[in-house]
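Written below as structure tokens is the structure these notes are about.
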Amino acid sequence: LQMCANHKGMTLWISAYEWMSIFVIMVILFFTVRAENKYTRETFGMKWAFLGLVIAFLGLLEFVAEILRLRTWLTYMKISFVLSMINSLIFVPTYLIVLGRQLPAIKESFEVWNTDSDEAKPLPLNQDPNNEAGSELN
């Protein structure tokens, strides 16, 4: 019985860490998209980034609820469950669908950008970037 209780405690902490990680990643992603959209319209949309921010703050609330489950198990377990279901069943799938719909346009704009600029073209794998003549690496 003690081993089972330790296993559930470890799962609780891993779940809490996952939600905190989602919060950090989505907030960074939101600010990155917002900064890119100041300079070009060829990046991801702000509505998509804002949806990520909503997921981030619900993830933060989920993290807090997971930790507070240690204080009052039944109350915060219910709150944690509701937040998890809203995020996992509604917002994250919507986020992924919107991301998938944006990828073809982003890919196309990147390919146009990559072919327009000589600096943006990748070097062949066997070419030395410091050598103007294009000699091969040894």
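Letters for chains follow the order of the structure tokens (A, B, ...), residue numbers begin at 1 for each chain, and ligand numbers begin at 1 in the order shown.
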
Show me, as a CSV table (one decimal) with all heavy atoms, in the first residue's frame, the residues that have an atom within 8 Å of A:Ala16 when counting only C-alpha atoms, minus same-chain residues fewer than 2 positions from it.
```csv
chain,number,residue,atom,x,y,z
A,12,LEU,N,1.5,12.7,-9.4
A,12,LEU,CA,1.0,14.1,-9.2
A,12,LEU,C,2.0,15.1,-9.5
A,12,LEU,O,1.7,16.1,-10.1
A,12,LEU,CB,0.6,14.2,-7.7
A,12,LEU,CG,0.1,15.5,-7.2
A,12,LEU,CD1,-1.3,15.8,-7.7
A,12,LEU,CD2,0.2,15.7,-5.7
A,13,TRP,N,3.3,14.9,-9.1
A,13,TRP,CA,4.3,15.9,-9.3
A,13,TRP,C,4.7,16.0,-10.8
A,13,TRP,O,5.0,17.1,-11.3
A,13,TRP,CB,5.6,15.6,-8.5
A,13,TRP,CG,5.4,15.9,-7.0
A,13,TRP,CD1,5.2,15.1,-6.0
A,13,TRP,CD2,5.3,17.3,-6.5
A,13,TRP,NE1,5.0,15.8,-4.8
A,13,TRP,CE2,5.1,17.1,-5.1
A,13,TRP,CE3,5.3,18.5,-7.1
A,13,TRP,CZ2,4.9,18.2,-4.3
A,13,TRP,CZ3,5.2,19.6,-6.2
A,13,TRP,CH2,5.0,19.5,-4.9
A,14,ILE,N,4.7,14.8,-11.5
A,14,ILE,CA,5.0,14.8,-12.9
A,14,ILE,C,3.9,15.6,-13.7
A,14,ILE,O,4.1,16.4,-14.6
A,14,ILE,CB,5.1,13.4,-13.4
A,14,ILE,CG1,6.4,12.8,-12.9
A,14,ILE,CG2,5.1,13.4,-15.0
A,14,ILE,CD1,6.6,11.4,-13.2
A,18,GLU,N,4.3,19.0,-15.9
A,18,GLU,CA,3.9,19.1,-17.3
A,18,GLU,C,3.1,20.3,-17.5
A,18,GLU,O,3.3,21.0,-18.5
A,18,GLU,CB,3.0,17.9,-17.6
A,18,GLU,CG,3.8,16.6,-17.8
A,18,GLU,CD,2.9,15.4,-18.0
A,18,GLU,OE1,1.7,15.5,-17.8
A,18,GLU,OE2,3.5,14.3,-18.3
A,19,TRP,N,2.2,20.7,-16.6
A,19,TRP,CA,1.4,21.9,-16.8
A,19,TRP,C,2.2,23.1,-16.7
A,19,TRP,O,2.0,24.1,-17.4
A,19,TRP,CB,0.2,21.9,-15.9
A,19,TRP,CG,-0.9,20.9,-16.3
A,19,TRP,CD1,-1.2,19.7,-15.6
A,19,TRP,CD2,-1.7,20.9,-17.5
A,19,TRP,NE1,-2.2,19.1,-16.4
A,19,TRP,CE2,-2.5,19.8,-17.5
A,19,TRP,CE3,-1.8,21.8,-18.5
A,19,TRP,CZ2,-3.4,19.5,-18.5
A,19,TRP,CZ3,-2.7,21.6,-19.6
A,19,TRP,CH2,-3.5,20.4,-19.5
A,20,MET,N,3.1,23.1,-15.8
A,20,MET,CA,4.0,24.3,-15.6
A,20,MET,C,4.9,24.5,-16.9
A,20,MET,O,5.1,25.6,-17.4
A,20,MET,CB,4.9,24.2,-14.4
A,20,MET,CG,5.8,25.4,-14.2
A,20,MET,SD,4.9,26.9,-14.2
A,20,MET,CE,4.8,27.2,-12.5
A,62,GLU,N,-4.0,24.9,-13.6
A,62,GLU,CA,-3.9,23.5,-13.4
A,62,GLU,C,-2.8,23.1,-12.5
A,62,GLU,O,-2.9,22.3,-11.6
A,62,GLU,CB,-3.8,22.7,-14.7
A,62,GLU,CG,-3.6,21.3,-14.6
A,62,GLU,CD,-4.7,20.5,-14.2
A,62,GLU,OE1,-5.9,21.0,-14.2
A,62,GLU,OE2,-4.5,19.3,-13.7
A,63,PHE,N,-1.6,23.7,-12.7
A,63,PHE,CA,-0.4,23.5,-11.9
A,63,PHE,C,-0.7,23.8,-10.4
A,63,PHE,O,-0.4,23.1,-9.5
A,63,PHE,CB,0.8,24.3,-12.4
A,63,PHE,CG,1.9,24.3,-11.5
A,63,PHE,CD1,2.8,23.2,-11.4
A,63,PHE,CD2,2.2,25.4,-10.7
A,63,PHE,CE1,3.9,23.2,-10.6
A,63,PHE,CE2,3.3,25.4,-9.8
A,63,PHE,CZ,4.1,24.3,-9.8
A,64,VAL,N,-1.3,25.0,-10.2
A,64,VAL,CA,-1.7,25.4,-8.8
A,64,VAL,C,-2.7,24.5,-8.2
A,64,VAL,O,-2.5,24.1,-7.0
A,64,VAL,CB,-2.2,26.9,-8.8
A,64,VAL,CG1,-2.8,27.3,-7.5
A,64,VAL,CG2,-1.1,27.9,-9.3
A,66,GLU,N,-3.0,21.3,-8.9
A,66,GLU,CA,-2.3,20.0,-8.7
A,66,GLU,C,-1.6,20.1,-7.3
A,66,GLU,O,-1.6,19.2,-6.5
A,66,GLU,CB,-1.4,19.7,-9.8
A,66,GLU,CG,-2.0,19.3,-11.1
A,66,GLU,CD,-2.5,17.9,-11.1
A,66,GLU,OE1,-2.0,17.1,-10.2
A,66,GLU,OE2,-3.3,17.5,-12.0
A,67,ILE,N,-0.9,21.3,-7.1
A,67,ILE,CA,-0.1,21.4,-5.9
A,67,ILE,C,-1.1,21.6,-4.7
A,67,ILE,O,-0.8,21.0,-3.6
A,67,ILE,CB,0.8,22.7,-6.0
A,67,ILE,CG1,1.8,22.5,-7.1
A,67,ILE,CG2,1.5,22.9,-4.7
A,67,ILE,CD1,2.7,21.3,-7.1
```

- prompt: Out of A:Gly59, A:Ala105, A:Ile97, A:Ser80, which residue has the shortest atom-to-atom distance to A:Phe44 when counting only C-alpha atoms?
  reply: A:Ala105

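Among the candidates A:Ser15, A:Ile28, A:Ala65, A:Met10, the one nearest to A:Leu83 when counting only C-alpha atoms is A:Ala65.
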
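Residues in contact with A:Leu103 at 10 Å, where only C-alpha atoms are counted and same-chain residues fewer than 5 positions away are skipped, are listed as Thr43, Phe44, Val98, Glu108 and Ser109 of chain A.
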
Contacts of A:Leu99 at 12 Å (only C-alpha atoms; same-chain gap of 3+ positions) as a PyMOL selection string: chain A and resi 43-49+51-52+92-96+102-107

Can you write out the residues you just picked, keeping all heavy atoms, as a compact mmCIF listing (two decimals), in the first residue's frame?
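The result, written out as result17.txt:
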```txt
# COMPACT_ATOMS: atom_id res chain seq x y z
N THR A 43 4.24 35.06 -40.60
CA THR A 43 4.39 34.10 -39.51
C THR A 43 3.02 33.65 -39.03
O THR A 43 2.00 33.95 -39.64
CB THR A 43 5.17 34.73 -38.34
OG1 THR A 43 4.45 35.87 -37.87
CG2 THR A 43 6.57 35.14 -38.77
N PHE A 44 3.01 32.97 -37.93
CA PHE A 44 1.77 32.45 -37.38
C PHE A 44 0.88 33.59 -36.91
O PHE A 44 1.35 34.65 -36.52
CB PHE A 44 2.08 31.50 -36.21
CG PHE A 44 2.84 30.30 -36.64
CD1 PHE A 44 4.20 30.21 -36.43
CD2 PHE A 44 2.20 29.25 -37.27
CE1 PHE A 44 4.92 29.10 -36.84
CE2 PHE A 44 2.90 28.13 -37.68
CZ PHE A 44 4.27 28.06 -37.47
N GLY A 45 -0.43 33.34 -36.92
CA GLY A 45 -1.39 34.38 -36.57
C GLY A 45 -1.47 34.64 -35.08
O GLY A 45 -1.17 33.79 -34.24
N MET A 46 -1.91 35.86 -34.75
CA MET A 46 -2.03 36.25 -33.34
C MET A 46 -3.19 35.54 -32.65
O MET A 46 -3.14 35.32 -31.45
CB MET A 46 -2.19 37.77 -33.22
CG MET A 46 -0.87 38.53 -33.36
SD MET A 46 0.42 37.96 -32.24
CE MET A 46 -0.28 38.33 -30.65
N LYS A 47 -4.24 35.20 -33.38
CA LYS A 47 -5.34 34.46 -32.75
C LYS A 47 -4.86 33.10 -32.27
O LYS A 47 -5.21 32.65 -31.18
CB LYS A 47 -6.50 34.29 -33.73
CG LYS A 47 -7.21 35.59 -34.04
CD LYS A 47 -8.33 35.37 -35.02
CE LYS A 47 -8.98 36.70 -35.39
NZ LYS A 47 -10.01 36.53 -36.41
N TRP A 48 -4.03 32.46 -33.07
CA TRP A 48 -3.45 31.18 -32.69
C TRP A 48 -2.55 31.35 -31.46
O TRP A 48 -2.60 30.55 -30.53
CB TRP A 48 -2.68 30.61 -33.87
CG TRP A 48 -1.89 29.38 -33.55
CD1 TRP A 48 -2.37 28.11 -33.40
CD2 TRP A 48 -0.48 29.31 -33.34
NE1 TRP A 48 -1.34 27.26 -33.12
CE2 TRP A 48 -0.17 27.96 -33.08
CE3 TRP A 48 0.55 30.24 -33.36
CZ2 TRP A 48 1.13 27.53 -32.83
CZ3 TRP A 48 1.84 29.81 -33.11
CH2 TRP A 48 2.11 28.46 -32.86
N ALA A 49 -1.74 32.40 -31.48
CA ALA A 49 -0.84 32.66 -30.35
C ALA A 49 -1.64 32.98 -29.09
O ALA A 49 -1.27 32.56 -27.99
CB ALA A 49 0.12 33.80 -30.69
N LEU A 51 -4.65 31.88 -28.39
CA LEU A 51 -5.19 30.61 -27.92
C LEU A 51 -4.14 29.85 -27.12
O LEU A 51 -4.44 29.25 -26.09
CB LEU A 51 -5.69 29.76 -29.09
CG LEU A 51 -6.28 28.40 -28.75
CD1 LEU A 51 -7.47 28.52 -27.81
CD2 LEU A 51 -6.67 27.67 -30.02
N GLY A 52 -2.88 29.91 -27.56
CA GLY A 52 -1.79 29.31 -26.79
C GLY A 52 -1.63 29.96 -25.44
O GLY A 52 -1.32 29.30 -24.45
N VAL A 92 -6.45 22.38 -26.51
CA VAL A 92 -5.25 21.83 -27.16
C VAL A 92 -5.59 21.24 -28.54
O VAL A 92 -4.87 21.53 -29.51
CB VAL A 92 -4.53 20.82 -26.25
CG1 VAL A 92 -3.41 20.10 -27.00
CG2 VAL A 92 -3.96 21.52 -25.03
N PRO A 93 -6.66 20.46 -28.70
CA PRO A 93 -6.99 20.01 -30.06
C PRO A 93 -7.30 21.16 -31.02
O PRO A 93 -6.88 21.13 -32.18
CB PRO A 93 -8.22 19.11 -29.86
CG PRO A 93 -8.13 18.65 -28.46
CD PRO A 93 -7.52 19.79 -27.70
N THR A 94 -8.01 22.19 -30.53
CA THR A 94 -8.28 23.36 -31.38
C THR A 94 -6.98 24.04 -31.77
O THR A 94 -6.79 24.43 -32.94
CB THR A 94 -9.20 24.35 -30.64
OG1 THR A 94 -10.39 23.67 -30.24
CG2 THR A 94 -9.55 25.53 -31.51
N TYR A 95 -6.08 24.17 -30.83
CA TYR A 95 -4.77 24.78 -31.08
C TYR A 95 -4.02 24.01 -32.17
O TYR A 95 -3.45 24.61 -33.09
CB TYR A 95 -3.98 24.77 -29.77
CG TYR A 95 -2.62 25.37 -29.83
CD1 TYR A 95 -2.43 26.74 -29.69
CD2 TYR A 95 -1.50 24.57 -30.00
CE1 TYR A 95 -1.15 27.30 -29.72
CE2 TYR A 95 -0.23 25.11 -30.04
CZ TYR A 95 -0.07 26.48 -29.89
OH TYR A 95 1.18 27.03 -29.93
N LEU A 96 -4.03 22.69 -32.09
CA LEU A 96 -3.32 21.87 -33.07
C LEU A 96 -3.97 21.93 -34.44
O LEU A 96 -3.28 21.92 -35.47
CB LEU A 96 -3.23 20.42 -32.57
CG LEU A 96 -2.35 20.22 -31.34
CD1 LEU A 96 -2.45 18.79 -30.84
CD2 LEU A 96 -0.91 20.61 -31.62
N GLN A 102 -2.39 26.51 -40.61
CA GLN A 102 -1.46 27.60 -40.91
C GLN A 102 -0.17 27.12 -41.56
O GLN A 102 0.49 27.89 -42.27
CB GLN A 102 -1.10 28.37 -39.64
CG GLN A 102 -2.24 29.14 -39.04
CD GLN A 102 -1.78 29.93 -37.84
OE1 GLN A 102 -0.77 30.61 -37.88
NE2 GLN A 102 -2.53 29.83 -36.76
N LEU A 103 0.21 25.88 -41.33
CA LEU A 103 1.50 25.39 -41.78
C LEU A 103 1.71 25.47 -43.30
O LEU A 103 2.81 25.86 -43.73
CB LEU A 103 1.74 23.97 -41.28
CG LEU A 103 2.08 23.86 -39.80
CD1 LEU A 103 2.25 22.40 -39.41
CD2 LEU A 103 3.32 24.65 -39.46
N PRO A 104 0.74 25.12 -44.15
CA PRO A 104 1.01 25.23 -45.60
C PRO A 104 1.35 26.66 -46.04
O PRO A 104 2.27 26.84 -46.84
CB PRO A 104 -0.30 24.75 -46.24
CG PRO A 104 -0.92 23.86 -45.22
CD PRO A 104 -0.54 24.46 -43.90
N ALA A 105 0.65 27.64 -45.55
CA ALA A 105 0.93 29.03 -45.92
C ALA A 105 2.29 29.47 -45.40
O ALA A 105 3.04 30.16 -46.09
CB ALA A 105 -0.17 29.96 -45.41
N ILE A 106 2.63 29.07 -44.19
CA ILE A 106 3.93 29.42 -43.61
C ILE A 106 5.04 28.75 -44.41
O ILE A 106 6.06 29.38 -44.71
CB ILE A 106 4.00 28.99 -42.13
CG1 ILE A 106 2.90 29.63 -41.32
CG2 ILE A 106 5.37 29.27 -41.56
CD1 ILE A 106 3.08 31.08 -41.02
N LYS A 107 4.83 27.49 -44.76
CA LYS A 107 5.85 26.76 -45.53
C LYS A 107 6.06 27.45 -46.87
O LYS A 107 7.20 27.64 -47.30
CB LYS A 107 5.41 25.31 -45.74
CG LYS A 107 6.40 24.51 -46.54
CD LYS A 107 5.90 23.11 -46.79
CE LYS A 107 6.88 22.39 -47.69
NZ LYS A 107 6.29 21.26 -48.36
```

query: What lies within 9 Å of A:Ile22 using only C-alpha atoms, ignoring chain neighbours under 4 positions off, as a VMD selection string?
result: chain A and resid 17 to 18 26 to 27 55 to 56 59 to 60

Written file, previous selection with N, CA, C and O atoms, as a CSV table (one decimal), in the first residue's frame:
```csv
chain,number,residue,atom,x,y,z
A,17,TYR,N,4.3,19.3,-13.1
A,17,TYR,CA,5.4,19.8,-13.9
A,17,TYR,C,5.1,19.9,-15.3
A,17,TYR,O,5.5,20.9,-16.0
A,18,GLU,N,4.3,19.0,-15.9
A,18,GLU,CA,3.9,19.1,-17.3
A,18,GLU,C,3.1,20.3,-17.5
A,18,GLU,O,3.3,21.0,-18.5
A,26,MET,N,4.2,28.0,-23.8
A,26,MET,CA,3.1,28.7,-24.6
A,26,MET,C,3.3,30.2,-24.4
A,26,MET,O,3.1,31.0,-25.3
A,27,VAL,N,3.8,30.7,-23.2
A,27,VAL,CA,4.0,32.1,-23.0
A,27,VAL,C,5.2,32.6,-23.9
A,27,VAL,O,5.1,33.6,-24.6
A,55,ILE,N,-4.3,28.6,-23.2
A,55,ILE,CA,-3.9,27.3,-22.7
A,55,ILE,C,-2.8,27.4,-21.7
A,55,ILE,O,-2.8,26.7,-20.7
A,56,ALA,N,-1.9,28.4,-21.8
A,56,ALA,CA,-0.8,28.6,-20.8
A,56,ALA,C,-1.4,29.0,-19.5
A,56,ALA,O,-1.0,28.4,-18.4
A,59,GLY,N,-3.1,26.2,-17.9
A,59,GLY,CA,-2.1,25.2,-17.5
A,59,GLY,C,-1.5,25.7,-16.2
A,59,GLY,O,-1.2,24.9,-15.3
A,60,LEU,N,-1.3,27.0,-16.0
A,60,LEU,CA,-0.8,27.5,-14.7
A,60,LEU,C,-1.8,27.3,-13.6
A,60,LEU,O,-1.5,26.9,-12.5
```

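Between atom CA of A:Arg34 and atom CA of A:Leu53 lies a distance of 11.4 Å.
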